file start-v6.cif (mmCIF, C-alpha atoms)
data_work
loop_
_atom_site.label_atom_id
_atom_site.label_comp_id
_atom_site.auth_asym_id
_atom_site.auth_seq_id
_atom_site.Cartn_x
_atom_site.Cartn_y
_atom_site.Cartn_z
CA MET T 26 0.00 0.00 0.00
CA ASN T 27 1.27 3.40 -0.90
CA LEU T 28 1.11 5.21 2.39
CA SER T 29 2.41 8.56 1.22
CA LEU T 30 -0.51 10.95 1.26
CA ASN T 31 -1.02 13.22 -1.69
CA PHE T 32 -1.26 16.54 0.14
CA ARG T 33 -1.62 18.48 -3.10
CA VAL T 34 -4.99 16.82 -3.72
CA ILE T 35 -6.10 17.60 -0.19
CA GLY T 36 -5.11 21.22 -0.81
CA GLU T 37 -6.98 21.28 -4.11
CA THR T 38 -10.18 19.89 -2.63
CA LEU T 39 -9.94 21.90 0.57
CA PRO T 40 -12.73 24.27 -0.54
CA ASP T 41 -15.03 21.22 -0.83
CA PHE T 42 -14.13 20.19 2.69
CA LEU T 43 -14.70 23.71 4.02
CA THR T 44 -18.16 23.74 2.40
CA GLY T 45 -18.77 20.32 3.91
CA LEU T 46 -17.55 21.40 7.33
CA THR T 47 -19.78 24.49 7.26
CA ALA T 48 -22.75 22.37 6.22
CA THR T 49 -22.10 19.80 8.96
CA VAL T 50 -21.81 22.50 11.62
CA THR T 51 -24.88 24.42 10.38
CA ILE T 52 -27.05 21.29 10.13
CA SER T 53 -25.95 20.09 13.57
CA LEU T 54 -26.59 23.49 15.16
CA ALA T 55 -30.03 23.84 13.57
CA ALA T 56 -30.95 20.28 14.59
CA PHE T 57 -29.64 20.88 18.11
CA VAL T 58 -31.91 23.89 18.54
CA GLY T 59 -34.79 21.87 17.08
CA ALA T 60 -34.01 18.97 19.41
CA LEU T 61 -34.03 21.29 22.44
CA VAL T 62 -37.48 22.59 21.50
CA VAL T 63 -38.87 19.12 20.77
CA GLY T 64 -37.18 17.63 23.82
CA VAL T 65 -38.46 20.24 26.27
CA ILE T 66 -42.01 19.90 24.96
CA ALA T 67 -41.89 16.10 25.09
CA CYS T 68 -40.40 16.19 28.56
CA ALA T 69 -42.99 18.68 29.83
CA MET T 70 -45.74 16.42 28.49
CA SER T 71 -44.22 13.27 30.00
CA LEU T 72 -44.17 14.88 33.46
CA GLN T 73 -47.89 15.69 33.49
CA THR T 74 -50.44 13.59 35.32
CA PRO T 75 -53.22 13.28 32.67
CA ARG T 76 -52.70 10.21 30.55
CA TYR T 77 -53.58 11.86 27.23
CA LEU T 78 -50.60 14.17 27.67
CA ARG T 79 -48.17 11.62 29.08
CA ALA T 80 -48.83 8.68 26.73
CA PRO T 81 -47.97 10.38 23.40
CA ALA T 82 -44.67 11.64 24.80
CA VAL T 83 -43.70 8.24 26.18
CA VAL T 84 -44.65 6.45 22.95
CA TYR T 85 -42.70 9.01 20.91
CA VAL T 86 -39.54 8.59 23.00
CA ASP T 87 -39.77 4.78 22.90
CA ILE T 88 -40.34 4.60 19.15
CA ILE T 89 -37.42 6.93 18.42
CA ARG T 90 -35.08 5.14 20.79
CA ALA T 91 -35.92 1.67 19.48
CA THR T 92 -35.46 2.39 15.76
CA PRO T 93 -32.36 3.53 13.86
CA LEU T 94 -31.94 7.11 12.71
CA LEU T 95 -31.25 5.99 9.15
CA ALA T 96 -34.66 4.26 8.97
CA GLN T 97 -36.27 7.41 10.40
CA LEU T 98 -34.46 9.52 7.83
CA TYR T 99 -35.62 7.28 4.96
CA PHE T 100 -39.14 7.27 6.46
CA LEU T 101 -39.30 11.05 6.04
CA TYR T 102 -37.23 11.19 2.84
CA PHE T 103 -39.34 8.64 0.96
CA GLY T 104 -42.52 9.31 2.94
CA LEU T 105 -43.04 13.09 2.90
CA PRO T 106 -43.40 13.34 -0.89
CA SER T 107 -46.48 11.10 -0.76
CA PHE T 108 -48.14 13.93 1.20
CA GLY T 109 -47.10 16.28 -1.57
CA LEU T 110 -44.49 17.73 0.77
CA MET T 111 -41.40 18.34 -1.33
CA MET T 112 -38.52 19.92 0.50
CA PRO T 113 -34.75 20.07 0.13
CA GLU T 114 -32.80 17.10 1.52
CA ILE T 115 -31.14 19.34 4.10
CA MET T 116 -34.52 20.28 5.56
CA VAL T 117 -35.60 16.63 5.71
CA GLY T 118 -32.34 15.94 7.53
CA ILE T 119 -32.78 18.74 10.06
CA ILE T 120 -36.35 17.60 10.81
CA ALA T 121 -35.28 13.96 11.18
CA PHE T 122 -32.33 14.85 13.44
CA SER T 123 -34.43 17.22 15.56
CA LEU T 124 -37.07 14.57 16.11
CA ASN T 125 -34.44 11.90 16.81
CA SER T 126 -32.26 13.88 19.20
CA GLY T 127 -35.38 15.45 20.72
CA ALA T 128 -36.23 12.08 22.28
CA TYR T 129 -32.81 11.84 23.91
CA VAL T 130 -32.93 15.50 25.03
CA SER T 131 -36.31 14.78 26.58
CA GLU T 132 -34.75 11.99 28.67
CA ILE T 133 -31.83 14.24 29.68
CA VAL T 134 -34.11 17.09 30.76
CA ARG T 135 -36.40 14.64 32.53
CA SER T 136 -33.65 13.08 34.62
CA GLY T 137 -32.34 16.59 35.42
CA ILE T 138 -35.73 17.66 36.73
CA LEU T 139 -36.33 14.40 38.58
CA SER T 140 -32.96 14.79 40.32
CA ILE T 141 -34.43 17.65 42.37
CA PRO T 142 -35.87 16.34 45.64
CA ARG T 143 -39.66 16.19 45.61
CA GLY T 144 -39.86 18.05 48.91
CA GLN T 145 -38.76 21.24 47.17
CA LEU T 146 -41.75 21.09 44.83
CA GLU T 147 -44.08 20.50 47.74
CA ALA T 148 -42.52 23.33 49.74
CA SER T 149 -42.79 25.78 46.84
CA ALA T 150 -46.38 24.71 46.24
CA ALA T 151 -47.07 25.25 49.93
CA SER T 152 -45.58 28.75 49.66
CA GLY T 153 -48.29 29.49 47.12
CA MET T 154 -46.26 29.36 43.90
CA SER T 155 -47.98 28.44 40.64
CA TYR T 156 -46.68 25.50 38.57
CA LEU T 157 -44.81 27.83 36.20
CA GLN T 158 -43.27 29.71 39.11
CA GLN T 159 -42.16 26.46 40.72
CA MET T 160 -40.50 25.39 37.48
CA ARG T 161 -38.93 28.76 36.70
CA LEU T 162 -37.75 29.77 40.16
CA ILE T 163 -37.05 26.52 41.99
CA ILE T 164 -36.61 23.49 39.73
CA LEU T 165 -35.03 24.71 36.48
CA PRO T 166 -32.18 26.80 37.96
CA GLN T 167 -30.99 23.72 39.85
CA ALA T 168 -31.84 21.15 37.17
CA LEU T 169 -29.96 22.93 34.39
CA ARG T 170 -26.52 22.31 35.84
CA PRO T 171 -26.49 18.49 35.60
CA MET T 172 -28.03 18.69 32.11
CA VAL T 173 -25.14 20.51 30.47
CA SER T 174 -22.66 17.64 30.10
CA PRO T 175 -25.17 15.13 28.70
CA LEU T 176 -26.45 17.81 26.32
CA ILE T 177 -22.92 18.36 25.01
CA GLY T 178 -22.72 14.58 24.63
CA GLN T 179 -25.91 14.69 22.57
CA ALA T 180 -24.41 17.46 20.41
CA ILE T 181 -21.44 15.15 19.69
CA VAL T 182 -23.87 12.40 18.66
CA LEU T 183 -25.71 14.88 16.42
CA VAL T 184 -22.53 15.93 14.60
CA LYS T 185 -21.71 12.28 13.92
CA ASP T 186 -25.29 11.47 12.93
CA SER T 187 -25.31 14.28 10.38
CA SER T 188 -22.92 12.12 8.32
CA LEU T 189 -25.96 10.07 7.28
CA LEU T 190 -27.08 13.00 5.12
CA SER T 191 -24.34 12.03 2.67
CA LEU T 192 -26.53 9.02 1.82
CA ILE T 193 -29.28 11.30 0.50
CA SER T 194 -26.67 13.32 -1.42
CA VAL T 195 -26.24 16.39 0.78
CA LEU T 196 -22.73 17.82 0.51
CA GLU T 197 -21.40 17.71 4.05
CA LEU T 198 -18.13 16.44 5.53
CA THR T 199 -18.62 12.74 4.81
CA ARG T 200 -19.84 13.40 1.28
CA ALA T 201 -16.83 15.60 0.62
CA GLY T 202 -14.49 12.81 1.69
CA GLN T 203 -16.51 10.19 -0.17
CA THR T 204 -16.32 12.21 -3.39
CA LEU T 205 -12.54 12.37 -3.16
CA ALA T 206 -12.41 8.69 -2.22
CA ILE T 207 -14.61 7.34 -5.00
CA ASN T 208 -14.47 9.81 -7.87
CA ARG T 209 -10.72 10.43 -7.68
CA PHE T 210 -9.73 7.04 -6.24
CA MET T 211 -8.04 8.56 -3.21
CA PRO T 212 -9.82 6.92 -0.27
CA VAL T 213 -6.99 7.48 2.19
CA GLU T 214 -6.70 11.21 1.53
CA GLY T 215 -10.45 11.78 1.39
CA LEU T 216 -11.47 9.79 4.44
CA ALA T 217 -8.50 10.89 6.55
CA THR T 218 -9.35 14.55 5.97
CA THR T 219 -12.99 13.87 6.82
CA ALA T 220 -12.06 11.99 9.99
CA VAL T 221 -9.69 14.78 11.10
CA CYS T 222 -12.45 17.38 10.66
CA TYR T 223 -14.84 15.31 12.79
CA LEU T 224 -12.19 14.77 15.44
CA ILE T 225 -11.56 18.53 15.68
CA ILE T 226 -15.26 19.10 16.38
CA TYR T 227 -15.33 16.12 18.77
CA TYR T 228 -12.38 17.29 20.83
CA GLY T 229 -13.69 20.86 20.81
CA LEU T 230 -16.99 19.75 22.30
CA LYS T 231 -15.28 17.37 24.71
CA LEU T 232 -13.08 20.22 25.90
CA MET T 233 -16.20 22.30 26.50
CA ALA T 234 -17.71 19.54 28.64
CA TYR T 235 -14.45 19.21 30.55
CA ALA T 236 -14.18 22.97 31.11
CA TRP T 237 -17.78 23.03 32.33
CA GLY T 238 -17.03 20.25 34.79
CA ARG T 239 -13.96 22.07 36.12
CA PHE T 240 -15.82 25.35 36.33
CA ASN T 241 -18.51 23.73 38.43
CA GLN T 242 -16.05 22.01 40.71
CA VAL T 243 -14.38 25.36 41.41
CA GLY T 244 -17.77 26.88 42.07
CA ALA T 245 -18.77 24.06 44.41
CA THR T 246 -15.66 24.16 46.60
CA ARG T 247 -15.92 27.86 47.24
CA MET E 11 -62.03 7.81 0.46
CA ASN E 12 -62.95 4.29 -0.61
CA GLU E 13 -60.53 4.44 -3.53
CA THR E 14 -57.61 5.56 -1.40
CA LEU E 15 -58.39 2.78 1.05
CA ILE E 16 -58.36 0.18 -1.71
CA PHE E 17 -55.12 1.67 -3.04
CA LEU E 18 -53.57 1.47 0.41
CA LEU E 19 -54.72 -2.13 0.85
CA ASP E 20 -53.12 -2.95 -2.51
CA GLN E 21 -49.87 -1.41 -1.37
CA ILE E 22 -49.97 -3.32 1.92
CA LYS E 23 -50.52 -6.50 -0.09
CA SER E 24 -47.51 -5.79 -2.27
CA VAL E 25 -45.36 -5.02 0.78
CA ILE E 26 -46.40 -8.40 2.16
CA GLN E 27 -45.33 -9.97 -1.12
CA PHE E 28 -41.86 -8.62 -0.46
CA HIS E 29 -41.65 -10.44 2.86
CA PRO E 30 -38.79 -12.77 1.79
CA VAL E 31 -36.51 -9.75 1.23
CA ILE E 32 -37.55 -8.06 4.46
CA LEU E 33 -37.14 -11.25 6.51
CA LYS E 34 -33.74 -11.85 4.94
CA GLY E 35 -32.80 -8.30 5.89
CA LEU E 36 -34.04 -8.81 9.43
CA GLY E 37 -31.96 -11.98 9.73
CA MET E 38 -28.86 -10.20 8.45
CA THR E 39 -29.37 -7.32 10.91
CA ILE E 40 -29.53 -9.82 13.76
CA VAL E 41 -26.45 -11.74 12.56
CA VAL E 42 -24.29 -8.66 12.03
CA SER E 43 -25.40 -7.13 15.36
CA LEU E 44 -24.70 -10.37 17.23
CA ILE E 45 -21.19 -10.50 15.80
CA GLY E 46 -20.66 -6.91 16.90
CA ILE E 47 -22.02 -7.64 20.39
CA VAL E 48 -19.97 -10.81 20.94
CA VAL E 49 -16.66 -9.77 19.34
CA GLY E 50 -16.97 -6.16 20.50
CA GLY E 51 -17.94 -7.34 23.97
CA ILE E 52 -14.91 -9.61 24.36
CA VAL E 53 -12.36 -7.24 22.82
CA GLY E 54 -13.90 -4.24 24.57
CA PHE E 55 -13.77 -6.00 27.91
CA ALA E 56 -10.04 -6.69 27.50
CA LEU E 57 -9.43 -3.11 26.36
CA GLY E 58 -11.45 -1.79 29.31
CA VAL E 59 -9.40 -3.74 31.86
CA GLY E 60 -6.24 -2.35 30.23
CA ARG E 61 -7.70 1.16 30.18
CA ALA E 62 -8.42 1.03 33.93
CA SER E 63 -5.05 -0.54 34.75
CA SER E 64 -2.23 1.31 36.47
CA TYR E 65 0.03 1.07 33.38
CA LYS E 66 -0.14 4.70 32.29
CA ALA E 67 1.17 4.17 28.76
CA LEU E 68 -1.20 1.26 28.05
CA SER E 69 -4.15 3.17 29.45
CA PHE E 70 -3.30 6.25 27.39
CA LEU E 71 -2.88 4.26 24.17
CA ILE E 72 -6.20 2.49 24.60
CA GLY E 73 -7.89 5.79 25.48
CA ALA E 74 -6.49 7.49 22.38
CA TYR E 75 -7.51 4.57 20.16
CA THR E 76 -11.08 4.40 21.43
CA ASP E 77 -11.43 8.19 21.28
CA ILE E 78 -10.67 8.23 17.55
CA PHE E 79 -13.58 5.88 16.89
CA ARG E 80 -15.90 7.50 19.43
CA GLY E 81 -15.30 10.85 17.79
CA THR E 82 -15.98 9.92 14.16
CA PRO E 83 -19.21 8.72 12.51
CA VAL E 84 -19.71 4.98 12.01
CA LEU E 85 -20.37 5.69 8.34
CA VAL E 86 -16.87 7.14 7.90
CA GLN E 87 -15.33 4.18 9.74
CA LEU E 88 -17.24 1.83 7.51
CA PHE E 89 -15.92 3.57 4.41
CA VAL E 90 -12.40 3.38 5.83
CA VAL E 91 -12.70 -0.40 6.29
CA TYR E 92 -14.44 -0.94 2.98
CA PHE E 93 -12.36 1.32 0.74
CA ILE E 94 -8.94 1.52 2.40
CA LEU E 95 -8.30 -2.04 3.60
CA PRO E 96 -8.56 -3.42 0.04
CA GLN E 97 -5.77 -1.01 -0.93
CA ALA E 98 -3.63 -2.74 1.68
CA GLY E 99 -4.37 -6.01 -0.13
CA VAL E 100 -7.21 -7.22 2.15
CA GLU E 101 -10.18 -8.10 -0.04
CA LEU E 102 -13.45 -7.60 1.84
CA ASP E 103 -17.07 -8.12 0.99
CA SER E 104 -19.64 -5.80 2.53
CA PHE E 105 -20.59 -8.36 5.20
CA THR E 106 -17.02 -8.74 6.49
CA ALA E 107 -16.41 -5.00 6.30
CA GLY E 108 -19.60 -4.33 8.23
CA ALA E 109 -18.81 -6.95 10.85
CA ILE E 110 -15.30 -5.53 11.34
CA ALA E 111 -16.46 -1.92 11.63
CA LEU E 112 -19.33 -2.77 14.02
CA SER E 113 -17.16 -5.01 16.23
CA ASN E 114 -14.54 -2.30 16.42
CA ILE E 115 -16.89 0.54 17.37
CA SER E 116 -18.64 -1.75 19.83
CA ALA E 117 -15.31 -2.65 21.44
CA CYS E 118 -14.45 1.05 21.80
CA PHE E 119 -17.67 1.90 23.64
CA VAL E 120 -17.62 -1.26 25.77
CA SER E 121 -14.03 -0.47 26.77
CA GLU E 122 -15.01 2.91 28.24
CA ILE E 123 -18.02 1.45 30.05
CA VAL E 124 -15.97 -1.39 31.56
CA ALA E 125 -13.15 0.98 32.53
CA SER E 126 -15.48 3.41 34.28
CA GLY E 127 -17.16 0.49 36.08
CA ILE E 128 -13.80 -0.73 37.39
CA ARG E 129 -12.69 2.79 38.35
CA ALA E 130 -15.85 3.25 40.42
CA ILE E 131 -14.67 0.57 42.87
CA PRO E 132 -13.14 2.22 45.96
CA VAL E 133 -9.32 1.94 46.09
CA GLY E 134 -9.53 0.78 49.71
CA GLN E 135 -11.09 -2.51 48.62
CA LEU E 136 -8.21 -3.28 46.29
CA GLU E 137 -5.70 -2.39 48.98
CA ALA E 138 -7.53 -4.62 51.44
CA ALA E 139 -7.60 -7.42 48.88
CA ALA E 140 -3.88 -7.02 48.24
CA ALA E 141 -3.21 -6.98 51.97
CA SER E 142 -5.16 -10.26 52.34
CA GLY E 143 -2.67 -11.78 49.94
CA LEU E 144 -4.83 -12.05 46.80
CA SER E 145 -2.85 -12.08 43.56
CA ARG E 146 -3.42 -9.46 40.87
CA PHE E 147 -5.60 -11.84 38.87
CA GLN E 148 -7.54 -12.93 41.95
CA ARG E 149 -8.25 -9.29 42.84
CA LEU E 150 -9.57 -8.73 39.33
CA ARG E 151 -11.68 -11.89 39.31
CA LEU E 152 -12.96 -11.96 42.90
CA ILE E 153 -13.18 -8.32 43.95
CA MET E 154 -13.36 -5.99 40.95
CA LEU E 155 -15.32 -7.82 38.27
CA PRO E 156 -18.32 -8.97 40.34
CA GLN E 157 -18.95 -5.41 41.51
CA ALA E 158 -18.13 -3.74 38.20
CA THR E 159 -20.42 -6.14 36.34
CA ARG E 160 -23.41 -5.08 38.40
CA MET E 161 -22.71 -1.45 37.57
CA ILE E 162 -21.93 -1.84 33.88
CA VAL E 163 -24.59 -4.29 32.68
CA PRO E 164 -27.38 -1.69 32.25
CA SER E 165 -25.05 0.61 30.26
CA LEU E 166 -23.81 -2.34 28.20
CA VAL E 167 -27.33 -3.35 27.22
CA GLY E 168 -28.06 0.28 26.29
CA GLN E 169 -24.89 0.31 24.22
CA PHE E 170 -25.90 -2.86 22.38
CA VAL E 171 -29.20 -1.23 21.44
CA LEU E 172 -27.17 1.55 19.84
CA LEU E 173 -25.13 -1.12 18.03
CA VAL E 174 -28.22 -2.78 16.53
CA LYS E 175 -29.30 0.65 15.33
CA ASP E 176 -25.83 1.47 14.00
CA SER E 177 -25.93 -1.72 11.95
CA SER E 178 -28.43 0.07 9.70
CA VAL E 179 -25.52 2.17 8.41
CA VAL E 180 -23.95 -0.94 6.84
CA SER E 181 -26.69 -0.64 4.20
CA ALA E 182 -24.56 2.18 2.76
CA ILE E 183 -22.02 -0.32 1.41
CA GLY E 184 -24.76 -2.51 -0.01
CA LEU E 185 -25.19 -5.22 2.62
CA LEU E 186 -28.76 -6.51 2.46
CA GLU E 187 -29.86 -5.92 6.05
CA LEU E 188 -33.19 -4.57 7.30
CA THR E 189 -32.76 -0.92 6.26
CA ARG E 190 -31.39 -1.94 2.86
CA SER E 191 -34.35 -4.25 2.31
CA GLY E 192 -36.66 -1.30 2.99
CA TRP E 193 -34.68 0.77 0.51
CA ILE E 194 -35.14 -1.98 -2.11
CA VAL E 195 -38.87 -2.36 -1.44
CA VAL E 196 -39.51 1.39 -1.58
CA GLN E 197 -38.14 1.43 -5.16
CA SER E 198 -41.09 -0.76 -6.26
CA ILE E 199 -43.74 0.48 -3.82
CA PRO E 200 -43.44 4.26 -3.65
CA ASN E 201 -44.95 4.61 -0.19
CA GLY E 202 -42.09 5.51 2.13
CA LEU E 203 -44.28 5.87 5.21
CA LEU E 204 -45.72 2.38 4.85
CA VAL E 205 -42.48 0.62 3.90
CA PHE E 206 -40.31 2.22 6.56
CA SER E 207 -43.01 1.75 9.20
CA VAL E 208 -42.71 -1.97 8.52
CA ILE E 209 -38.90 -1.71 8.73
CA GLY E 210 -39.25 0.30 11.93
CA VAL E 211 -41.41 -2.43 13.46
CA GLY E 212 -38.62 -4.91 12.68
CA TYR E 213 -36.09 -2.85 14.63
CA PHE E 214 -38.56 -2.10 17.41
CA VAL E 215 -39.15 -5.80 18.00
CA ILE E 216 -35.40 -6.29 18.52
CA CYS E 217 -34.54 -3.09 20.38
CA TYR E 218 -37.50 -2.41 22.64
CA PRO E 219 -37.13 -5.52 24.82
CA MET E 220 -33.44 -4.67 25.26
CA LEU E 221 -34.27 -1.07 26.21
CA TYR E 222 -36.92 -2.29 28.63
CA TRP E 223 -34.48 -4.72 30.18
CA SER E 224 -31.75 -2.11 30.58
CA ARG E 225 -34.20 0.30 32.24
CA LYS E 226 -35.31 -2.42 34.63
CA LEU E 227 -31.72 -3.21 35.55
CA GLU E 228 -31.00 0.47 36.10
CA LYS E 229 -33.92 0.82 38.47
CA LYS E 230 -32.80 -2.22 40.45
CA HIS E 231 -29.49 -0.60 41.41
#
call {"tool": "encode", "arguments": {"input": "start-v6.cif", "output": "structure tokens"}}
result
Amino acid sequence: MNLSLNFRVIGETLPDFLTGLTATVTISLAAFVGALVVGVIACAMSLQTPRYLRAPAVVYVDIIRATPLLAQLYFLYFGLPSFGLMMPEIMVGIIAFSLNSGAYVSEIVRSGILSIPRGQLEASAASGMSYLQQMRLIILPQALRPMVSPLIGQAIVLVKDSSLLSLISVLELTRAGQTLAINRFMPVEGLATTAVCYLIIYYGLKLMAYAWGRFNQVGATR
Amino acid sequence: MNETLIFLLDQIKSVIQFHPVILKGLGMTIVVSLIGIVVGGIVGFALGVGRASSYKALSFLIGAYTDIFRGTPVLVQLFVVYFILPQAGVELDSFTAGAIALSNISACFVSEIVASGIRAIPVGQLEAAAASGLSRFQRLRLIMLPQATRMIVPSLVGQFVLLVKDSSVVSAIGLLELTRSGWIVVQSIPNGLLVFSVIGVGYFVICYPMLYWSRKLEKKH
């Protein structure tokens, strides 16, 4: 095997990779915001007492968690047009990723909220606070802290998941590497560059999680 | 309304006609996932023990190796195995490539789970075990593993659910597993919602019991 990398080709196709990197980051960010919205709604529903609110949220989370993202993506990609809904592949991807990660975000938010002792809720209710006040003033400020690290973990998963968009021909990082690998017969150069880009994002996010952990430790010991 | 219903029934009938392909895909998904679970479980367990060991260099090397695979998409890893290994003279079909990539990623995740399970055991216990004259291997077998196992099994089961789902990505290199079979069927029956609902049920039947089990185990401890 010829192990010498052709750096000239990497240089030549660098604009492709930059476009791909931008697309991957944009798609992941958009889907992350979408997942937060979906996740918070699903979590709020799953914490209610009436069954008609709780059941749909629980079923949604279970279905998403027990089926692969790729099947969900194809479900929307091949399924939406039969409703006459034609939209660009990127939009289909963002919707699929938001719905998928939303289920995991819902679980993260849920376990954050449930980590607060029940007595606090009862005490704040006894002090005459409304449900929204209890959530806003008592529960959420405390529950947010343990959510941050798992949410960053979910962001890492999202970035990696966005690679699946290359299978419905969206030009993102994996597609950029695949093009170089298959069209120009340079799999090592193409895939190595792609992998390095992903690793940069991965370590960046991991560093954020680490810094957050340190920051909190400092805060706690004071 | 009646016409659309008849049309839908027709489509359901034709999906049922495709059942040999879908069942074949389901079987392949199970086979490839089982290989990933067994091989990845064994290799990952060994890596995890090394990762949690006191040999700094070994631990660092294993950590760096697993990080590379935890930080990149499975799809990219699959392409690496499928397109780059043949250049090194290793001829692979899509089944072998998929099995290798899935076993490897599974081993990487299992390694971290096992390592964090071992690390969670208080140091005092190991010191006490050493003071009672247990050998290194005895400490591992009698003190560390029984406790670590209890802690790591729920996470392991959760991880294996992810592996079954990741196996859908192997469809990208043309292996006829469950997702690929859906992709084939949808070319003849242009009803994505129907076809991929059926595919989804296939995965659900495999994954949901595992998820349920892992949740139950988590609650127990």
call {"tool": "closest_atom_pairs", "arguments": {"input": "start-v6.cif", "of": "chain E", "to": "chain T", "cutoff": "9 Å", "atoms": "all atoms listed in the file", "output": "tab-separated table"}}
result
residue	atom	partner	partner_atom	distance
E:Asp77	CA	T:Leu224	CA	8.8
E:Ile78	CA	T:Leu224	CA	7.0
E:Arg80	CA	T:Tyr227	CA	8.7
E:Gly81	CA	T:Tyr227	CA	5.4
E:Thr82	CA	T:Tyr223	CA	5.7
E:Pro83	CA	T:Lys185	CA	4.6
E:Val84	CA	T:Lys185	CA	7.8
E:Leu85	CA	T:Ser188	CA	6.9
E:Val86	CA	T:Thr199	CA	6.6
E:Gln87	CA	T:Ala220	CA	8.5
E:Phe89	CA	T:Leu216	CA	7.6
E:Val90	CA	T:Leu216	CA	6.6
E:Phe93	CA	T:Pro212	CA	6.2
E:Ile94	CA	T:Pro212	CA	6.1
E:Gln97	CA	T:Met26	CA	5.9
E:Ala98	CA	T:Met26	CA	4.8
E:Gly99	CA	T:Met26	CA	7.4
E:Val171	CA	T:Ala91	CA	7.6
E:Leu172	CA	T:Pro93	CA	8.2
E:Val174	CA	T:Pro93	CA	8.0
E:Lys175	CA	T:Pro93	CA	4.5
E:Asp176	CA	T:Pro93	CA	6.8
E:Ser177	CA	T:Pro93	CA	8.5
E:Ser178	CA	T:Leu95	CA	6.6
E:Val179	CA	T:Leu95	CA	6.9
E:Ala182	CA	T:Leu192	CA	7.2
E:Thr189	CA	T:Ala96	CA	6.1
E:Gly192	CA	T:Ala96	CA	8.4
E:Trp193	CA	T:Tyr99	CA	7.9
E:Val196	CA	T:Phe103	CA	7.7
E:Pro200	CA	T:Phe103	CA	7.6
E:Asn201	CA	T:Gly104	CA	6.1
E:Gly202	CA	T:Gly104	CA	3.9
E:Leu203	CA	T:Gly104	CA	4.5
E:Leu204	CA	T:Gly104	CA	7.9
E:Val205	CA	T:Phe100	CA	7.9
E:Phe206	CA	T:Phe100	CA	5.2
E:Ser207	CA	T:Phe100	CA	7.3
E:Ile209	CA	T:Ala96	CA	7.3
E:Gly210	CA	T:Thr92	CA	5.8
E:Val211	CA	T:Thr92	CA	8.0
E:Gly212	CA	T:Thr92	CA	8.5
E:Tyr213	CA	T:Thr92	CA	5.4
E:Phe214	CA	T:Ala91	CA	5.0
E:Val215	CA	T:Ala91	CA	8.3
E:Ile216	CA	T:Ala91	CA	8.0
E:Cys217	CA	T:Ala91	CA	5.0
E:Tyr218	CA	T:Ala91	CA	5.4
E:Met220	CA	T:Ala91	CA	8.9
E:Leu221	CA	T:Ala91	CA	7.5
call {"tool": "resolve_selection", "arguments": {"input": "start-v6.cif", "expression": "the PyMOL selection byres ((chain T and resi 133) around 9)", "output": "PyMOL selection string"}}
result
chain T and resi 64+68+128-132+134-138+172+175-176
call {"tool": "closest_residue", "arguments": {"input": "start-v6.cif", "among": "E:Tyr92, E:Phe147, E:Tyr75, E:Phe119", "to": "E:Ser165", "atoms": "all atoms listed in the file"}}
result
E:Phe119
call {"tool": "residues_around", "arguments": {"input": "start-v6.cif", "residues": "T:Ala236", "least_positions_apart": "6", "cutoff": "12 Å", "atoms": "only C-alpha atoms", "output": "PyMOL selection string"}}
result
chain T and resi 173-174+177+228-230+242-243
call {"tool": "resolve_selection", "arguments": {"input": "start-v6.cif", "expression": "the PyMOL selection byres ((chain T and resi 49) around 7)", "output": "ChimeraX atom specification"}}
result
/T:45-48,50-53,184,187,197-198
call {"tool": "atom_distance", "arguments": {"input": "start-v6.cif", "atom1": "atom CA of T:Pro75", "atom2": "atom CA of T:Ala56"}}
result
29.5 Å
call {"tool": "atom_distance", "arguments": {"input": "start-v6.cif", "atom1": "atom CA of E:Val59", "atom2": "atom CA of E:Asn114"}}
result
16.3 Å
call {"tool": "axis_aligned_box", "arguments": {"input": "start-v6.cif", "around": "stretch 145-156 of chain E", "padding_each_side": "6 Å", "output": "JSON"}}
result
{"center_x": -10.6, "center_y": -9.5, "center_z": 41.1, "size_x": 27.5, "size_y": 18.9, "size_z": 17.7}
call {"tool": "atom_distance", "arguments": {"input": "start-v6.cif", "atom1": "atom CA of E:Phe105", "atom2": "atom CA of E:Ala117"}}
result
18.0 Å
call {"tool": "residues_around", "arguments": {"input": "start-v6.cif", "residues": "E:Arg225", "least_positions_apart": "6", "cutoff": "10 Å", "atoms": "only C-alpha atoms", "output": "PyMOL selection string"}}
result
chain E and resi 164-165+167-168+219
call {"tool": "resolve_selection", "arguments": {"input": "start-v6.cif", "expression": "the PyMOL selection byres ((chain E and resi 191) around 9)", "output": "short mmCIF file (atom, residue, chain, number, x, y, z; two decimals) with C-alpha atoms, in the coordinates of the input"}}
result
data_model
loop_
_atom_site.label_atom_id
_atom_site.label_comp_id
_atom_site.auth_asym_id
_atom_site.auth_seq_id
_atom_site.Cartn_x
_atom_site.Cartn_y
_atom_site.Cartn_z
CA VAL E 31 -36.51 -9.75 1.23
CA ILE E 32 -37.55 -8.06 4.46
CA LEU E 33 -37.14 -11.25 6.51
CA LYS E 34 -33.74 -11.85 4.94
CA GLY E 35 -32.80 -8.30 5.89
CA LEU E 36 -34.04 -8.81 9.43
CA SER E 181 -26.69 -0.64 4.20
CA LEU E 186 -28.76 -6.51 2.46
CA GLU E 187 -29.86 -5.92 6.05
CA LEU E 188 -33.19 -4.57 7.30
CA THR E 189 -32.76 -0.92 6.26
CA ARG E 190 -31.39 -1.94 2.86
CA GLY E 192 -36.66 -1.30 2.99
CA TRP E 193 -34.68 0.77 0.51
CA ILE E 194 -35.14 -1.98 -2.11
CA VAL E 195 -38.87 -2.36 -1.44
CA VAL E 196 -39.51 1.39 -1.58
CA ILE E 209 -38.90 -1.71 8.73
#
call {"tool": "decode", "arguments": {"input": "start-v6.cif", "residues": "stretch 104-108 of chain E", "atoms": "C-alpha atoms", "output": "CSV table (one decimal), in the first residue's frame"}}
result
chain,number,residue,atom,x,y,z
E,104,SER,CA,-19.6,-5.8,2.5
E,105,PHE,CA,-20.6,-8.4,5.2
E,106,THR,CA,-17.0,-8.7,6.5
E,107,ALA,CA,-16.4,-5.0,6.3
E,108,GLY,CA,-19.6,-4.3,8.2
